>>> print(open('work.json').read())   # JSON, C-alpha atoms and all ligand atoms
[["chain", "number", "residue", "atom", "x", "y", "z"],
["W", 1, "MET", "CA", 10.39, 305.08, 107.84],
["W", 2, "PRO", "CA", 10.84, 304.28, 104.14],
["W", 3, "GLU", "CA", 11.33, 300.55, 103.80],
["W", 4, "HIS", "CA", 14.76, 300.78, 102.18],
["W", 5, "LEU", "CA", 16.19, 302.51, 105.24],
["W", 6, "LEU", "CA", 15.58, 299.30, 107.13],
["W", 7, "PHE", "CA", 18.01, 297.45, 104.85],
["W", 8, "PRO", "CA", 21.67, 297.30, 105.75],
["W", 9, "GLN", "CA", 23.77, 299.70, 103.69],
["W", 10, "PRO", "CA", 25.12, 299.51, 101.08],
["W", 11, "VAL", "CA", 22.49, 297.25, 99.58],
["W", 12, "VAL", "CA", 23.50, 294.44, 97.25],
["W", 13, "GLY", "CA", 20.58, 292.75, 95.52],
["W", 14, "ARG", "CA", 20.52, 290.12, 92.82],
["W", 15, "PHE", "CA", 18.47, 288.28, 90.24],
["W", 16, "ALA", "CA", 19.22, 284.58, 89.89],
["W", 17, "PRO", "CA", 17.32, 282.87, 87.06],
["W", 18, "SER", "CA", 17.66, 279.20, 86.14],
["W", 19, "PRO", "CA", 18.37, 278.85, 82.42],
["W", 20, "THR", "CA", 15.68, 276.25, 81.86],
["W", 21, "GLY", "CA", 13.91, 278.44, 79.30],
["W", 22, "PRO", "CA", 13.48, 282.04, 78.20],
["W", 23, "LEU", "CA", 12.48, 284.90, 80.52],
["W", 24, "HIS", "CA", 8.73, 284.58, 81.23],
["W", 25, "PHE", "CA", 6.44, 287.09, 82.88],
["W", 26, "GLY", "CA", 6.83, 285.47, 86.34],
["W", 27, "SER", "CA", 10.60, 285.76, 86.33],
["W", 28, "LEU", "CA", 10.36, 289.26, 84.87],
["W", 29, "VAL", "CA", 8.24, 290.36, 87.86],
["W", 30, "THR", "CA", 10.96, 289.10, 90.21],
["W", 31, "ALA", "CA", 13.67, 290.79, 88.16],
["W", 32, "VAL", "CA", 11.82, 294.13, 88.16],
["W", 33, "GLY", "CA", 11.00, 293.93, 91.88],
["W", 34, "SER", "CA", 14.54, 293.07, 92.94],
["W", 35, "TYR", "CA", 16.03, 295.65, 90.57],
["W", 36, "CYS", "CA", 13.80, 298.49, 91.79],
["W", 37, "LEU", "CA", 14.33, 297.71, 95.48],
["W", 38, "ALA", "CA", 18.12, 297.50, 95.12],
["W", 39, "ARG", "CA", 18.38, 300.67, 93.04],
["W", 40, "GLN", "CA", 15.93, 302.53, 95.29],
["W", 41, "ALA", "CA", 18.37, 301.98, 98.14],
["W", 42, "GLY", "CA", 21.24, 303.18, 95.95],
["W", 43, "GLY", "CA", 22.51, 299.62, 95.85],
["W", 44, "ARG", "CA", 24.07, 297.24, 93.39],
["W", 45, "TRP", "CA", 22.10, 294.62, 91.47],
["W", 46, "LEU", "CA", 23.90, 291.43, 90.47],
["W", 47, "LEU", "CA", 23.04, 288.69, 88.01],
["W", 48, "ARG", "CA", 23.68, 285.03, 88.72],
["W", 49, "ILE", "CA", 22.83, 282.20, 86.36],
["W", 50, "GLU", "CA", 21.74, 279.14, 88.35],
["W", 51, "ASP", "CA", 22.88, 276.51, 85.88],
["W", 52, "LEU", "CA", 23.92, 273.92, 88.44],
["W", 53, "ASP", "CA", 21.13, 271.44, 87.74],
["W", 54, "THR", "CA", 22.69, 270.52, 84.41],
["W", 55, "PRO", "CA", 20.03, 268.00, 83.32],
["W", 56, "ARG", "CA", 17.46, 270.83, 83.35],
["W", 57, "VAL", "CA", 19.59, 273.51, 81.67],
["W", 58, "VAL", "CA", 18.52, 274.44, 78.14],
["W", 59, "ALA", "CA", 21.35, 275.43, 75.78],
["W", 60, "GLY", "CA", 21.22, 279.13, 74.91],
["W", 61, "ALA", "CA", 18.55, 279.98, 77.52],
["W", 62, "ALA", "CA", 20.95, 281.94, 79.75],
["W", 63, "GLU", "CA", 22.09, 284.09, 76.84],
["W", 64, "GLU", "CA", 18.47, 284.68, 75.82],
["W", 65, "ILE", "CA", 17.53, 285.74, 79.37],
["W", 66, "MET", "CA", 20.51, 288.12, 79.47],
["W", 67, "ARG", "CA", 19.52, 289.63, 76.10],
["W", 68, "SER", "CA", 15.95, 290.18, 77.32],
["W", 69, "LEU", "CA", 17.14, 291.85, 80.53],
["W", 70, "ALA", "CA", 19.50, 294.09, 78.56],
["W", 71, "VAL", "CA", 16.88, 295.30, 76.06],
["W", 72, "LEU", "CA", 14.47, 295.96, 78.95],
["W", 73, "GLY", "CA", 17.08, 298.21, 80.57],
["W", 74, "LEU", "CA", 17.57, 295.87, 83.54],
["W", 75, "GLU", "CA", 21.32, 296.41, 83.67],
["W", 76, "TRP", "CA", 23.25, 294.39, 86.20],
["W", 77, "ASP", "CA", 26.48, 295.36, 87.94],
["W", 78, "GLY", "CA", 29.75, 293.50, 87.54],
["W", 79, "GLU", "CA", 30.43, 290.10, 86.08],
["W", 80, "VAL", "CA", 27.69, 287.50, 85.72],
["W", 81, "VAL", "CA", 28.19, 284.61, 88.16],
["W", 82, "TRP", "CA", 27.66, 281.15, 86.66],
["W", 83, "GLN", "CA", 27.02, 278.48, 89.28],
["W", 84, "SER", "CA", 28.46, 275.78, 87.03],
["W", 85, "GLN", "CA", 31.85, 277.50, 87.38],
["W", 86, "ARG", "CA", 31.77, 277.68, 91.16],
["W", 87, "ILE", "CA", 32.06, 274.02, 92.14],
["W", 88, "SER", "CA", 35.31, 274.59, 94.07],
["W", 89, "ALA", "CA", 33.58, 277.21, 96.25],
["W", 90, "TYR", "CA", 30.80, 274.74, 97.08],
["W", 91, "GLU", "CA", 33.38, 272.05, 97.86],
["W", 92, "ALA", "CA", 35.16, 274.45, 100.24],
["W", 93, "ALA", "CA", 31.90, 275.26, 102.05],
["W", 94, "LEU", "CA", 31.05, 271.57, 102.29],
["W", 95, "ALA", "CA", 34.50, 270.93, 103.81],
["W", 96, "ARG", "CA", 33.87, 273.64, 106.43],
["W", 97, "LEU", "CA", 30.55, 272.05, 107.36],
["W", 98, "ARG", "CA", 32.21, 268.63, 107.55],
["W", 99, "GLU", "CA", 34.86, 270.04, 109.89],
["W", 100, "ARG", "CA", 32.06, 271.12, 112.16],
["W", 101, "GLY", "CA", 30.79, 267.53, 112.20],
["W", 102, "LEU", "CA", 27.46, 268.46, 110.62],
["W", 103, "VAL", "CA", 27.64, 266.43, 107.40],
["W", 104, "PHE", "CA", 26.85, 262.75, 107.00],
["W", 105, "ALA", "CA", 26.57, 260.30, 104.12],
["W", 106, "CYS", "CA", 23.11, 258.96, 103.42],
["W", 107, "GLY", "CA", 22.50, 255.67, 101.67],
["W", 108, "CYS", "CA", 18.72, 255.94, 101.43],
["W", 109, "SER", "CA", 16.89, 255.86, 98.12],
["W", 110, "ARG", "CA", 13.96, 258.18, 97.49],
["W", 111, "GLN", "CA", 11.61, 255.19, 97.83],
["W", 112, "GLU", "CA", 13.04, 254.27, 101.24],
["W", 113, "ILE", "CA", 12.66, 257.81, 102.53],
["W", 114, "LEU", "CA", 9.09, 257.96, 101.26],
["W", 115, "ALA", "CA", 8.32, 254.68, 102.98],
["W", 116, "SER", "CA", 9.90, 255.64, 106.32],
["W", 117, "ALA", "CA", 9.11, 259.37, 106.58],
["W", 118, "PRO", "CA", 7.16, 260.13, 109.77],
["W", 119, "HIS", "CA", 4.87, 262.57, 107.93],
["W", 120, "PRO", "CA", 4.86, 264.60, 104.73],
["W", 121, "GLY", "CA", 6.84, 267.83, 105.14],
["W", 122, "GLU", "CA", 6.51, 271.16, 103.42],
["W", 123, "GLU", "CA", 8.49, 269.90, 100.47],
["W", 124, "GLY", "CA", 8.00, 266.17, 100.25],
["W", 125, "PRO", "CA", 8.77, 263.54, 102.85],
["W", 126, "VAL", "CA", 10.69, 264.56, 105.97],
["W", 127, "TYR", "CA", 14.02, 262.74, 106.17],
["W", 128, "PRO", "CA", 13.68, 260.38, 109.17],
["W", 129, "GLY", "CA", 17.37, 260.50, 110.18],
["W", 130, "THR", "CA", 18.09, 256.91, 109.15],
["W", 131, "CYS", "CA", 21.81, 257.38, 108.38],
["W", 132, "ARG", "CA", 22.55, 260.20, 110.82],
["W", 133, "ALA", "CA", 24.57, 257.99, 113.17],
["W", 134, "GLY", "CA", 26.40, 256.24, 110.33],
["W", 135, "LEU", "CA", 25.59, 254.05, 107.35],
["W", 136, "ALA", "CA", 24.22, 250.62, 108.14],
["W", 137, "ALA", "CA", 26.52, 247.72, 107.20],
["W", 138, "GLY", "CA", 26.63, 247.13, 103.47],
["W", 139, "ARG", "CA", 24.99, 250.46, 102.56],
["W", 140, "ARG", "CA", 26.59, 252.56, 99.85],
["W", 141, "PRO", "CA", 26.75, 256.35, 100.41],
["W", 142, "ARG", "CA", 24.53, 258.25, 97.98],
["W", 143, "ALA", "CA", 23.83, 261.82, 99.03],
["W", 144, "LEU", "CA", 25.49, 264.03, 101.65],
["W", 145, "ARG", "CA", 23.13, 265.59, 104.19],
["W", 146, "ILE", "CA", 23.45, 268.16, 106.95],
["W", 147, "GLN", "CA", 22.10, 267.57, 110.44],
["W", 148, "VAL", "CA", 19.46, 270.07, 111.49],
["W", 149, "PRO", "CA", 18.69, 270.91, 115.12],
["W", 150, "ASP", "CA", 15.23, 270.51, 116.60],
["W", 151, "GLU", "CA", 14.84, 274.29, 116.77],
["W", 152, "VAL", "CA", 12.63, 276.85, 115.13],
["W", 153, "VAL", "CA", 14.26, 279.17, 112.58],
["W", 154, "CYS", "CA", 12.64, 282.64, 112.56],
["W", 155, "PHE", "CA", 13.11, 285.54, 110.20],
["W", 156, "ALA", "CA", 11.28, 288.72, 109.28],
["W", 157, "ASP", "CA", 10.34, 288.75, 105.61],
["W", 158, "GLY", "CA", 10.12, 292.26, 104.16],
["W", 159, "LEU", "CA", 6.66, 291.48, 102.80],
["W", 160, "HIS", "CA", 5.27, 288.50, 104.76],
["W", 161, "GLY", "CA", 6.47, 289.63, 108.18],
["W", 162, "PRO", "CA", 7.56, 287.03, 110.75],
["W", 163, "VAL", "CA", 8.07, 283.55, 109.31],
["W", 164, "GLU", "CA", 9.08, 280.52, 111.29],
["W", 165, "GLN", "CA", 9.84, 276.92, 110.52],
["W", 166, "CYS", "CA", 11.13, 273.99, 112.54],
["W", 167, "LEU", "CA", 13.63, 272.39, 110.16],
["W", 168, "ALA", "CA", 13.48, 269.05, 111.96],
["W", 169, "ASN", "CA", 9.69, 268.84, 111.50],
["W", 170, "ALA", "CA", 9.37, 270.49, 108.11],
["W", 171, "VAL", "CA", 12.26, 268.98, 106.13],
["W", 172, "GLY", "CA", 14.63, 267.03, 108.37],
["W", 173, "ASP", "CA", 18.35, 266.66, 107.65],
["W", 174, "PHE", "CA", 18.56, 267.99, 104.12],
["W", 175, "VAL", "CA", 20.75, 267.26, 101.11],
["W", 176, "LEU", "CA", 23.91, 269.27, 100.38],
["W", 177, "ARG", "CA", 25.22, 267.06, 97.60],
["W", 178, "ARG", "CA", 22.85, 264.90, 95.64],
["W", 179, "ALA", "CA", 23.23, 261.24, 94.80],
["W", 180, "ASP", "CA", 24.10, 262.26, 91.22],
["W", 181, "GLY", "CA", 27.05, 264.28, 92.57],
["W", 182, "LEU", "CA", 25.52, 267.72, 91.93],
["W", 183, "PHE", "CA", 25.57, 270.27, 94.73],
["W", 184, "ALA", "CA", 22.12, 271.05, 96.08],
["W", 185, "TYR", "CA", 20.47, 274.35, 95.28],
["W", 186, "GLN", "CA", 20.28, 275.31, 98.97],
["W", 187, "LEU", "CA", 24.04, 275.16, 99.50],
["W", 188, "ALA", "CA", 24.97, 276.86, 96.22],
["W", 189, "VAL", "CA", 22.63, 279.82, 96.81],
["W", 190, "VAL", "CA", 24.00, 280.42, 100.30],
["W", 191, "VAL", "CA", 27.64, 280.21, 99.22],
["W", 192, "ASP", "CA", 27.06, 282.49, 96.22],
["W", 193, "ASP", "CA", 25.02, 285.10, 98.08],
["W", 194, "ALA", "CA", 27.61, 285.28, 100.86],
["W", 195, "GLU", "CA", 30.62, 285.53, 98.54],
["W", 196, "SER", "CA", 28.94, 288.17, 96.37],
["W", 197, "GLY", "CA", 28.05, 290.23, 99.45],
["W", 198, "VAL", "CA", 24.32, 289.95, 98.67],
["W", 199, "ASN", "CA", 22.36, 291.31, 101.62],
["W", 200, "GLN", "CA", 18.95, 291.81, 99.99],
["W", 201, "VAL", "CA", 17.37, 288.67, 98.56],
["W", 202, "VAL", "CA", 14.21, 289.50, 96.61],
["W", 203, "ARG", "CA", 12.65, 286.46, 94.91],
["W", 204, "GLY", "CA", 9.46, 284.50, 94.35],
["W", 205, "ALA", "CA", 7.29, 283.27, 97.21],
["W", 206, "ASP", "CA", 7.81, 279.66, 96.07],
["W", 207, "LEU", "CA", 11.18, 279.91, 97.86],
["W", 208, "LEU", "CA", 9.71, 281.07, 101.18],
["W", 209, "THR", "CA", 9.92, 277.53, 102.59],
["W", 210, "SER", "CA", 13.56, 277.21, 101.46],
["W", 211, "THR", "CA", 14.64, 280.31, 103.34],
["W", 212, "PRO", "CA", 14.90, 278.73, 106.83],
["W", 213, "ARG", "CA", 17.26, 276.07, 105.41],
["W", 214, "GLN", "CA", 19.36, 278.82, 103.82],
["W", 215, "ILE", "CA", 19.40, 280.84, 107.03],
["W", 216, "TYR", "CA", 20.56, 277.75, 108.92],
["W", 217, "LEU", "CA", 23.37, 277.20, 106.38],
["W", 218, "HIS", "CA", 24.41, 280.86, 106.58],
["W", 219, "ALA", "CA", 24.58, 280.52, 110.36],
["W", 220, "CYS", "CA", 26.61, 277.28, 110.18],
["W", 221, "LEU", "CA", 29.07, 278.97, 107.81],
["W", 222, "GLY", "CA", 29.31, 282.09, 109.95],
["W", 223, "ASN", "CA", 27.84, 284.38, 107.27],
["W", 224, "PRO", "CA", 25.84, 287.54, 107.98],
["W", 225, "LEU", "CA", 22.15, 286.99, 107.16],
["W", 226, "PRO", "CA", 20.62, 288.73, 104.16],
["W", 227, "HIS", "CA", 17.30, 290.54, 104.33],
["W", 228, "TYR", "CA", 14.55, 288.60, 102.52],
["W", 229, "VAL", "CA", 11.56, 289.74, 100.49],
["W", 230, "HIS", "CA", 9.38, 287.10, 98.83],
["W", 231, "LEU", "CA", 7.25, 288.50, 96.02],
["W", 232, "PRO", "CA", 3.92, 287.05, 94.88],
["W", 233, "LEU", "CA", 4.05, 284.49, 92.09],
["W", 234, "VAL", "CA", 2.42, 284.88, 88.75],
["W", 235, "VAL", "CA", 0.18, 281.88, 88.21],
["W", 236, "ALA", "CA", -1.43, 280.57, 85.05],
["W", 237, "PRO", "CA", -5.25, 280.57, 84.90],
["W", 238, "ASP", "CA", -5.21, 276.91, 86.03],
["W", 239, "GLY", "CA", -3.45, 277.99, 89.24],
["W", 240, "GLU", "CA", -0.09, 276.56, 88.29],
["W", 241, "LYS", "CA", 3.06, 278.67, 88.81],
["W", 242, "LEU", "CA", 3.98, 280.41, 85.58],
["W", 243, "SER", "CA", 6.94, 278.71, 83.93],
["W", 244, "LYS", "CA", 8.78, 278.46, 80.67],
["W", 245, "ARG", "CA", 5.91, 276.30, 79.46],
["W", 246, "HIS", "CA", 3.76, 279.43, 79.39],
["W", 247, "GLY", "CA", 6.02, 281.23, 76.95],
["W", 248, "ALA", "CA", 8.63, 283.92, 76.77],
["W", 249, "VAL", "CA", 7.96, 287.61, 77.26],
["W", 250, "ALA", "CA", 7.86, 289.51, 73.98],
["W", 251, "VAL", "CA", 10.55, 292.17, 73.94],
["W", 252, "GLY", "CA", 10.68, 292.78, 70.21],
["W", 253, "SER", "CA", 9.50, 296.39, 70.07],
["W", 254, "ALA", "CA", 10.06, 299.36, 72.36],
["W", 255, "ARG", "CA", 6.30, 299.50, 72.92],
["W", 256, "GLU", "CA", 6.19, 295.85, 74.03],
["W", 257, "ARG", "CA", 9.13, 296.38, 76.39],
["W", 258, "GLY", "CA", 7.59, 299.41, 78.03],
["W", 259, "GLU", "CA", 4.23, 297.74, 78.44],
["W", 260, "LEU", "CA", 5.83, 294.63, 79.97],
["W", 261, "LEU", "CA", 7.63, 296.67, 82.61],
["W", 262, "TRP", "CA", 4.45, 298.63, 83.26],
["W", 263, "GLN", "CA", 2.52, 295.34, 83.69],
["W", 264, "ALA", "CA", 5.19, 293.90, 85.97],
["W", 265, "LEU", "CA", 5.03, 296.91, 88.29],
["W", 266, "ARG", "CA", 1.24, 296.84, 88.19],
["W", 267, "PHE", "CA", 1.31, 293.13, 89.09],
["W", 268, "LEU", "CA", 3.38, 294.18, 92.11],
["W", 269, "GLY", "CA", 0.44, 296.31, 93.22],
["W", 270, "GLN", "CA", 1.90, 299.66, 92.23],
["W", 271, "GLU", "CA", -0.42, 302.46, 91.16],
["W", 272, "MET", "CA", 0.86, 302.91, 87.66],
["W", 273, "PRO", "CA", 0.10, 306.22, 85.90],
["W", 274, "ALA", "CA", -1.87, 305.27, 82.76],
["W", 275, "GLY", "CA", 0.10, 307.81, 80.75],
["W", 276, "LEU", "CA", 3.29, 305.88, 81.46],
["W", 277, "LYS", "CA", 2.10, 302.74, 79.69],
["W", 278, "ASN", "CA", 3.63, 303.67, 76.35],
["W", 279, "ALA", "CA", 6.71, 305.36, 77.77],
["W", 280, "PRO", "CA", 10.22, 304.11, 76.95],
["W", 281, "PRO", "CA", 11.44, 301.23, 79.17],
["W", 282, "ARG", "CA", 14.02, 303.43, 80.91],
["W", 283, "GLU", "CA", 11.37, 305.90, 82.01],
["W", 284, "ILE", "CA", 9.16, 303.16, 83.46],
["W", 285, "LEU", "CA", 12.04, 301.55, 85.33],
["W", 286, "ASP", "CA", 13.05, 304.94, 86.70],
["W", 287, "TRP", "CA", 9.46, 305.41, 87.88],
["W", 288, "GLY", "CA", 9.66, 302.01, 89.61],
["W", 289, "VAL", "CA", 12.97, 302.81, 91.28],
["W", 290, "THR", "CA", 11.55, 306.06, 92.63],
["W", 291, "HIS", "CA", 8.03, 304.95, 93.49],
["W", 292, "LEU", "CA", 7.94, 301.22, 94.27],
["W", 293, "VAL", "CA", 6.37, 300.77, 97.69],
["W", 294, "LEU", "CA", 6.61, 297.37, 99.31],
["W", 295, "ASP", "CA", 3.45, 298.01, 101.35],
["W", 296, "ARG", "CA", 1.41, 297.96, 98.14],
["W", 297, "VAL", "CA", 2.74, 294.59, 96.96],
["W", 298, "PRO", "CA", 0.08, 291.90, 97.46],
["W", 299, "LEU", "CA", 0.94, 288.75, 99.40],
["W", 300, "GLN", "CA", -1.14, 286.43, 97.29],
["W", 301, "SER", "CA", -0.06, 284.95, 94.01],
["W", 302, "ALA", "CA", -2.30, 285.87, 91.09],
["W", 303, "THR", "CA", -2.84, 285.56, 87.39],
["W", 304, "SER", "CA", -1.88, 288.42, 85.16],
["W", 305, "THR", "CA", -3.66, 289.91, 82.17],
["W", 306, "SER", "CA", -0.38, 290.21, 80.31],
["W", 307, "THR", "CA", 0.41, 286.51, 80.33],
["W", 401, "ZN", "ZN", 19.78, 257.94, 104.77]]
>>> encode(input="work.json", output="structure tokens")
Amino acid sequence: MPEHLLFPQPVVGRFAPSPTGPLHFGSLVTAVGSYCLARQAGGRWLLRIEDLDTPRVVAGAAEEIMRSLAVLGLEWDGEVVWQSQRISAYEAALARLRERGLVFACGCSRQEILASAPHPGEEGPVYPGTCRAGLAAGRRPRALRIQVPDEVVCFADGLHGPVEQCLANAVGDFVLRRADGLFAYQLAVVVDDAESGVNQVVRGADLLTSTPRQIYLHACLGNPLPHYVHLPLVVAPDGEKLSKRHGAVAVGSARERGELLWQALRFLGQEMPAGLKNAPPREILDWGVTHLVLDRVPLQSATSTST
């Protein structure tokens, strides 16, 4: 069966860049992959700017990303969602989780957690549950955390197949609102995806270990679960994940735009017709929408010749 028939209908996909710099080849690969899979299923493709982590946001970067997407023909549906304007939605979700008795205040500093963590988790020290039963006398609340059960979360990734993680062992009770008052990425993503009706989450494999936390939050909030596909990352020659540090994609000329899209689809393992390399961007995207096959996408992250 063609892969897209396995997705719930109608498909709603999305691209959700952080405006910490211009569009680079790694984020372009994710944009192209999510765009082609959503459109292939006849679905919508939304754009969300993840500008919640205000200390990291670079002024003008969101607008520059949007301009690059537009000139590449990666046209999104509907209004752009800005996370910085959705604080009340995150507060409402937090209140619902509190009502369920799942949220607690944590007074631990990063140093204390590091010192008391039973073992390193998949993303730093595992929270040891110090404040779960209430703050010790004299402790000031810092972050808000959610209790996680000692159960394994399983999901079927569209590319990686079955994935499982025990939240208690891998991350522990995790942060919903940070000590600096900002809502955590995990909560914001879940609230936004659910409210936008996103049911096909296609993104970089660096988020594979975040997905069980997001699935748990969706379940706690009573949301339907999206389908997940985690695409390979583009890494720099030194093995580091490609980031803004490695430079923006060049979208100045039509030739550059077409070649970029061609390279992005080739990075995703697709058998690109050589004659298409100098075609207009629209033609290459249309080829991707028609021909992208998930089975050809490699699991492993890799460097790219076009970086
Ligand atoms: Zn604590």
>>> closest_atom_pairs(input="work.json", of="chain W", to="ligand ZN 401 (chain W)", cutoff="12 Å", atoms="only C-alpha atoms and all ligand atoms", output="Markdown table")
| residue | atom | partner | partner_atom | distance |
| --- | --- | --- | --- | --- |
| W:Val103 | CA | W:ZN401 | ZN | 11.9 |
| W:Phe104 | CA | W:ZN401 | ZN | 8.8 |
| W:Ala105 | CA | W:ZN401 | ZN | 7.2 |
| W:Cys106 | CA | W:ZN401 | ZN | 3.7 |
| W:Gly107 | CA | W:ZN401 | ZN | 4.7 |
| W:Cys108 | CA | W:ZN401 | ZN | 4.0 |
| W:Ser109 | CA | W:ZN401 | ZN | 7.5 |
| W:Arg110 | CA | W:ZN401 | ZN | 9.3 |
| W:Gln111 | CA | W:ZN401 | ZN | 11.1 |
| W:Glu112 | CA | W:ZN401 | ZN | 8.4 |
| W:Ile113 | CA | W:ZN401 | ZN | 7.5 |
| W:Leu114 | CA | W:ZN401 | ZN | 11.3 |
| W:Ser116 | CA | W:ZN401 | ZN | 10.3 |
| W:Ala117 | CA | W:ZN401 | ZN | 10.9 |
| W:Val126 | CA | W:ZN401 | ZN | 11.3 |
| W:Tyr127 | CA | W:ZN401 | ZN | 7.6 |
| W:Pro128 | CA | W:ZN401 | ZN | 7.9 |
| W:Gly129 | CA | W:ZN401 | ZN | 6.5 |
| W:Thr130 | CA | W:ZN401 | ZN | 4.8 |
| W:Cys131 | CA | W:ZN401 | ZN | 4.2 |
| W:Arg132 | CA | W:ZN401 | ZN | 7.0 |
| W:Ala133 | CA | W:ZN401 | ZN | 9.7 |
| W:Gly134 | CA | W:ZN401 | ZN | 8.8 |
| W:Leu135 | CA | W:ZN401 | ZN | 7.5 |
| W:Ala136 | CA | W:ZN401 | ZN | 9.2 |
| W:Arg139 | CA | W:ZN401 | ZN | 9.4 |
| W:Arg140 | CA | W:ZN401 | ZN | 10.0 |
| W:Pro141 | CA | W:ZN401 | ZN | 8.4 |
| W:Arg142 | CA | W:ZN401 | ZN | 8.3 |
| W:Ala143 | CA | W:ZN401 | ZN | 8.0 |
| W:Leu144 | CA | W:ZN401 | ZN | 8.9 |
| W:Arg145 | CA | W:ZN401 | ZN | 8.4 |
| W:Ile146 | CA | W:ZN401 | ZN | 11.1 |
| W:Gln147 | CA | W:ZN401 | ZN | 11.4 |
| W:Gly172 | CA | W:ZN401 | ZN | 11.1 |
| W:Asp173 | CA | W:ZN401 | ZN | 9.3 |
| W:Phe174 | CA | W:ZN401 | ZN | 10.1 |
| W:Val175 | CA | W:ZN401 | ZN | 10.1 |
| W:Arg178 | CA | W:ZN401 | ZN | 11.9 |
| W:Ala179 | CA | W:ZN401 | ZN | 11.1 |
>>> write_last_selection(input="work.json", atoms="C-alpha atoms", output="tab-separated table (two decimals), in the coordinates of the input")
chain	number	residue	atom	x	y	z
W	103	VAL	CA	27.64	266.43	107.40
W	104	PHE	CA	26.85	262.75	107.00
W	105	ALA	CA	26.57	260.30	104.12
W	106	CYS	CA	23.11	258.96	103.42
W	107	GLY	CA	22.50	255.67	101.67
W	108	CYS	CA	18.72	255.94	101.43
W	109	SER	CA	16.89	255.86	98.12
W	110	ARG	CA	13.96	258.18	97.49
W	111	GLN	CA	11.61	255.19	97.83
W	112	GLU	CA	13.04	254.27	101.24
W	113	ILE	CA	12.66	257.81	102.53
W	114	LEU	CA	9.09	257.96	101.26
W	116	SER	CA	9.90	255.64	106.32
W	117	ALA	CA	9.11	259.37	106.58
W	126	VAL	CA	10.69	264.56	105.97
W	127	TYR	CA	14.02	262.74	106.17
W	128	PRO	CA	13.68	260.38	109.17
W	129	GLY	CA	17.37	260.50	110.18
W	130	THR	CA	18.09	256.91	109.15
W	131	CYS	CA	21.81	257.38	108.38
W	132	ARG	CA	22.55	260.20	110.82
W	133	ALA	CA	24.57	257.99	113.17
W	134	GLY	CA	26.40	256.24	110.33
W	135	LEU	CA	25.59	254.05	107.35
W	136	ALA	CA	24.22	250.62	108.14
W	139	ARG	CA	24.99	250.46	102.56
W	140	ARG	CA	26.59	252.56	99.85
W	141	PRO	CA	26.75	256.35	100.41
W	142	ARG	CA	24.53	258.25	97.98
W	143	ALA	CA	23.83	261.82	99.03
W	144	LEU	CA	25.49	264.03	101.65
W	145	ARG	CA	23.13	265.59	104.19
W	146	ILE	CA	23.45	268.16	106.95
W	147	GLN	CA	22.10	267.57	110.44
W	172	GLY	CA	14.63	267.03	108.37
W	173	ASP	CA	18.35	266.66	107.65
W	174	PHE	CA	18.56	267.99	104.12
W	175	VAL	CA	20.75	267.26	101.11
W	178	ARG	CA	22.85	264.90	95.64
W	179	ALA	CA	23.23	261.24	94.80
>>> residues_around(input="work.json", residues="Gln300 of chain W", least_positions_apart="5", cutoff="10 Å", atoms="all atoms listed in the file", output="NGL selection string")
:W and (205 or 231-234)
>>> residues_around(input="work.json", residues="Thr20 of chain W", least_positions_apart="2", cutoff="6 Å", atoms="only C-alpha atoms", output="list in words")
Ser18, Arg56, Val57 and Val58 of chain W
>>> atom_distance(input="work.json", atom1="atom CA of Arg96 of chain W", atom2="atom CA of Leu221 of chain W")
7.3 Å
>>> build_atoms(input="work.json", residues="segment 165-174 of chain W", atoms="N, CA and C atoms", output="compact mmCIF listing (two decimals), keeping the file's coordinate frame")
# COMPACT_ATOMS: atom_id res chain seq x y z
N GLN W 165 9.90 278.31 110.97
CA GLN W 165 9.84 276.92 110.52
C GLN W 165 10.77 276.09 111.40
N CYS W 166 10.28 274.94 111.82
CA CYS W 166 11.13 273.99 112.54
C CYS W 166 11.71 273.06 111.48
N LEU W 167 13.02 273.18 111.23
CA LEU W 167 13.63 272.39 110.16
C LEU W 167 13.45 270.89 110.40
N ALA W 168 13.58 270.47 111.66
CA ALA W 168 13.48 269.05 111.96
C ALA W 168 12.09 268.50 111.58
N ASN W 169 11.04 269.29 111.82
CA ASN W 169 9.69 268.84 111.50
C ASN W 169 9.32 269.04 110.04
N ALA W 170 9.83 270.13 109.46
CA ALA W 170 9.37 270.49 108.11
C ALA W 170 10.15 269.79 107.00
N VAL W 171 11.46 269.60 107.19
CA VAL W 171 12.26 268.98 106.13
C VAL W 171 13.20 267.88 106.62
N GLY W 172 13.65 268.00 107.87
CA GLY W 172 14.63 267.03 108.37
C GLY W 172 16.02 267.36 107.85
N ASP W 173 16.96 266.46 108.14
CA ASP W 173 18.35 266.66 107.65
C ASP W 173 18.30 266.73 106.13
N PHE W 174 18.77 267.82 105.56
CA PHE W 174 18.56 267.99 104.12
C PHE W 174 19.84 267.80 103.31
